[in-house]
Amino acid sequence: MKTLIKIKPKTYAVGDIVKIDFMAMHPMETGMRKDKDTGALIPANYIDEVKFLFNDTVITKMVIWESLSVNPLFTVSFKVPSVGTLKVIAKTNNGQSVESSESITPKG
Amino acid sequence: MERRSFLKSFTAAAACVAVLPRMASAADEAKKVAGPNEMSYATALAAITGGKAVVESAKVKVEAPEIAENGAVVPVKVTVDSPMNEKEYVKAIHVLNTKNGNARCANIYLTPANGEAFFGTRIKLGGTQDVVAIAQMSDGTFLSAKQNVKVTIGGCG
Amino acid sequence: MRLLSVSTALVCLALFSGVNAEEKMSMSDADKAMYAEMLENNPADMDVVEGKELFNALTSQAVYGQMLGVKEKDLPSYIAGFPRFVKPAGKVVTLSQTLQMAAALGAKSVPKLESKEMLQMTAYLKSLANDQTTNIDVKANKQMQEMMKLGQEVFEERRGGRGLSCNSCHSPDVIGQRLRMQPLPDLGSKVNASAGTWPAYRMTKSETTLLDKRFQQCMDNALLAKIPLGSREMVALEVYITNKTKGNPSQIPGLKR
């Protein structure tokens, strides 16, 4: 699962509230779609949990359902406390998981 | 010249006919399969609130298009106007739909570290319906807001 | 004659019944702004990132530029001018086809035009031309002039059981009229900048799509036999459509309904 983390704005200081955008390349299969050729149901396969951590402390935990769009986007706010590492862990209903991280480097 | 442009209009209409059969019919509706997480809006709401009252509030803001370009990708943003400190904060933002098979979209559990109660995403909507945001406050109360989204089927595939 | 007038009425009804409801059917400025904002988090960005890795595994900007006889620093502006005549190919080619050339040159396996890696690499390559203007030159040489002429023929040729051409739905005469509630786009408009915004993420398909692949999807919908990717006719069509947006900014990946 390919993922992408963006921090907006790109430059920020300690105490600023930034937006964290997390995108994942995932089909978000609902389990209700049929294969066009075979007519068989495509099994449900969706991201069901996303956790945002800063220096290994959870800042936001999300329980996700199949109603989210294909290649979903998750945006939360974050008040920058210091230099550190942001980690995002996404898990699917099939038990697959992916971990991505981005360094938090406030200016000034 | 008028005749020419009329002829062109006609072919555009023909193209329109060509793609019509793709529209969902009532028969398709009956054949619809139940998803693995089927849950009505009322049940989903009760599961979140445990039966507590939900107050519609201007403090909760749901931003979603009034008319969606496409039901498969509907941008949704939820903001809750509230302090975010240890004493008083928004514990969770729940995003629901009113007519999909599964009314639940996302349950976002926030902490004061967020600095601001905000959640942005994109959801799938199976038809015209409301997108509802429920804010679960640290004092145990529930606030809500909603936005109706019209989903049109149209255009070229 | 009587039959004709009946069908005239029907057609008018089909095409213009939406006029009164115009306001309700059209998106508000606030709605449009929300979608414009989505460009900042375009799922296709992930394809561009992956395309960069694939491109660097296949070749390098220096080697790629050398192959085409272009200095590395001039690549962005050069890329904004595709499809163009490329000497080592001896013909007018698309950006994707130059990647096939690069693969062959490096004795790597040649990616198919339909493949996902080709889409991703092409997206990355075209992203190098972001902030440039589309500078296709259909008068640059004999080959381009021929392709431009052929492209117009392909665009206007009626095909299939219903006798439709690209021009049937995309002639300036019908732009803005609605096809299943959606206004028909102006392929030459500055606003949607068309050619310069492809590859784009198609929300309808939930996937990133190349311009020529989009042409095929359009042909499919109009029940026309699909013109193969990379064929002379398909490249010519891309030349013709791209030329309509000459001077518009090149900014990819786009985001389309």
# chains A, B, ... in the order shown; residues from 1 in each chain; ligands from 1
>>> closest_atom_pairs(of="chain C", to="chain A", cutoff="8 Å", atoms="only C-alpha atoms", output="CSV")
residue,atom,partner,partner_atom,distance
C:Asn41,CA,A:Leu73,CA,7.6
C:Pro43,CA,A:Asn71,CA,6.2
C:Met46,CA,A:Leu4,CA,6.8
C:Ser206,CA,A:Val70,CA,6.2
>>> closest_atom_pairs(of="chain C", to="chain B", cutoff="8 Å", atoms="only C-alpha atoms", output="JSON lines")
{"residue": "C:Val11", "atom": "CA", "partner": "B:Phe10", "partner_atom": "CA", "distance": 6.3}
{"residue": "C:Ala14", "atom": "CA", "partner": "B:Ala13", "partner_atom": "CA", "distance": 6.9}
{"residue": "C:Leu15", "atom": "CA", "partner": "B:Ala13", "partner_atom": "CA", "distance": 6.8}
{"residue": "C:Met25", "atom": "CA", "partner": "B:Ile67", "partner_atom": "CA", "distance": 7.5}
{"residue": "C:Ser26", "atom": "CA", "partner": "B:Ile67", "partner_atom": "CA", "distance": 7.5}
{"residue": "C:Met27", "atom": "CA", "partner": "B:Ile67", "partner_atom": "CA", "distance": 5.8}
{"residue": "C:Ser28", "atom": "CA", "partner": "B:Glu66", "partner_atom": "CA", "distance": 7.8}
{"residue": "C:Ala30", "atom": "CA", "partner": "B:Pro65", "partner_atom": "CA", "distance": 7.5}
{"residue": "C:Asp31", "atom": "CA", "partner": "B:Pro65", "partner_atom": "CA", "distance": 4.7}
{"residue": "C:Met34", "atom": "CA", "partner": "B:Pro65", "partner_atom": "CA", "distance": 7.1}
{"residue": "C:Tyr35", "atom": "CA", "partner": "B:Pro75", "partner_atom": "CA", "distance": 7.4}
{"residue": "C:Met38", "atom": "CA", "partner": "B:Pro75", "partner_atom": "CA", "distance": 7.6}
{"residue": "C:Arg162", "atom": "CA", "partner": "B:Ala14", "partner_atom": "CA", "distance": 7.4}
{"residue": "C:Leu164", "atom": "CA", "partner": "B:Thr11", "partner_atom": "CA", "distance": 6.5}
{"residue": "C:Ser168", "atom": "CA", "partner": "B:Lys8", "partner_atom": "CA", "distance": 5.5}
{"residue": "C:Cys169", "atom": "CA", "partner": "B:Ala12", "partner_atom": "CA", "distance": 5.1}
{"residue": "C:Ser171", "atom": "CA", "partner": "B:Lys8", "partner_atom": "CA", "distance": 8.0}
{"residue": "C:Asp173", "atom": "CA", "partner": "B:Ser5", "partner_atom": "CA", "distance": 6.2}
{"residue": "C:Val174", "atom": "CA", "partner": "B:Ser9", "partner_atom": "CA", "distance": 6.4}
{"residue": "C:Leu179", "atom": "CA", "partner": "B:Gly155", "partner_atom": "CA", "distance": 5.6}
{"residue": "C:Arg180", "atom": "CA", "partner": "B:Gly154", "partner_atom": "CA", "distance": 4.4}
{"residue": "C:Met181", "atom": "CA", "partner": "B:Gly154", "partner_atom": "CA", "distance": 5.3}
{"residue": "C:Gln182", "atom": "CA", "partner": "B:Gly155", "partner_atom": "CA", "distance": 4.8}
{"residue": "C:Pro183", "atom": "CA", "partner": "B:Gly155", "partner_atom": "CA", "distance": 7.7}
{"residue": "C:Met203", "atom": "CA", "partner": "B:Val73", "partner_atom": "CA", "distance": 6.2}
{"residue": "C:Thr204", "atom": "CA", "partner": "B:Asn70", "partner_atom": "CA", "distance": 6.7}
{"residue": "C:Ser206", "atom": "CA", "partner": "B:Ala72", "partner_atom": "CA", "distance": 7.7}
{"residue": "C:Gln217", "atom": "CA", "partner": "B:Gly157", "partner_atom": "CA", "distance": 7.9}
{"residue": "C:Cys218", "atom": "CA", "partner": "B:Cys156", "partner_atom": "CA", "distance": 7.1}
{"residue": "C:Asn221", "atom": "CA", "partner": "B:Val19", "partner_atom": "CA", "distance": 6.6}
{"residue": "C:Ala222", "atom": "CA", "partner": "B:Ala15", "partner_atom": "CA", "distance": 5.9}
{"residue": "C:Leu223", "atom": "CA", "partner": "B:Ala18", "partner_atom": "CA", "distance": 7.6}
{"residue": "C:Arg257", "atom": "CA", "partner": "B:Glu69", "partner_atom": "CA", "distance": 6.0}
>>> select_by_dssp(residues="range 39-68 of chain B", states="strand (DSSP E)", output="ChimeraX atom specification")
/B:54-56,60-63,67-68
>>> interface_residues(of="chain B", to="chain A", cutoff="12 Å", atoms="only C-alpha atoms", output="PyMOL selection string")
chain B and resi 31-39+70-80+84-85+90-126+131
>>> select_by_dssp(residues="range 80-221 of chain C", states="helix (DSSP H, G or I)", output="JSON, numbers by chain")
{"C": [87, 88, 89, 95, 96, 97, 98, 99, 100, 101, 102, 103, 104, 105, 116, 117, 118, 119, 120, 121, 122, 123, 124, 125, 126, 127, 142, 143, 144, 145, 146, 147, 148, 149, 150, 151, 152, 153, 154, 155, 156, 166, 167, 168, 169, 170, 194, 195, 196, 197, 211, 212, 213, 214, 215, 216, 217, 218, 219, 220, 221]}
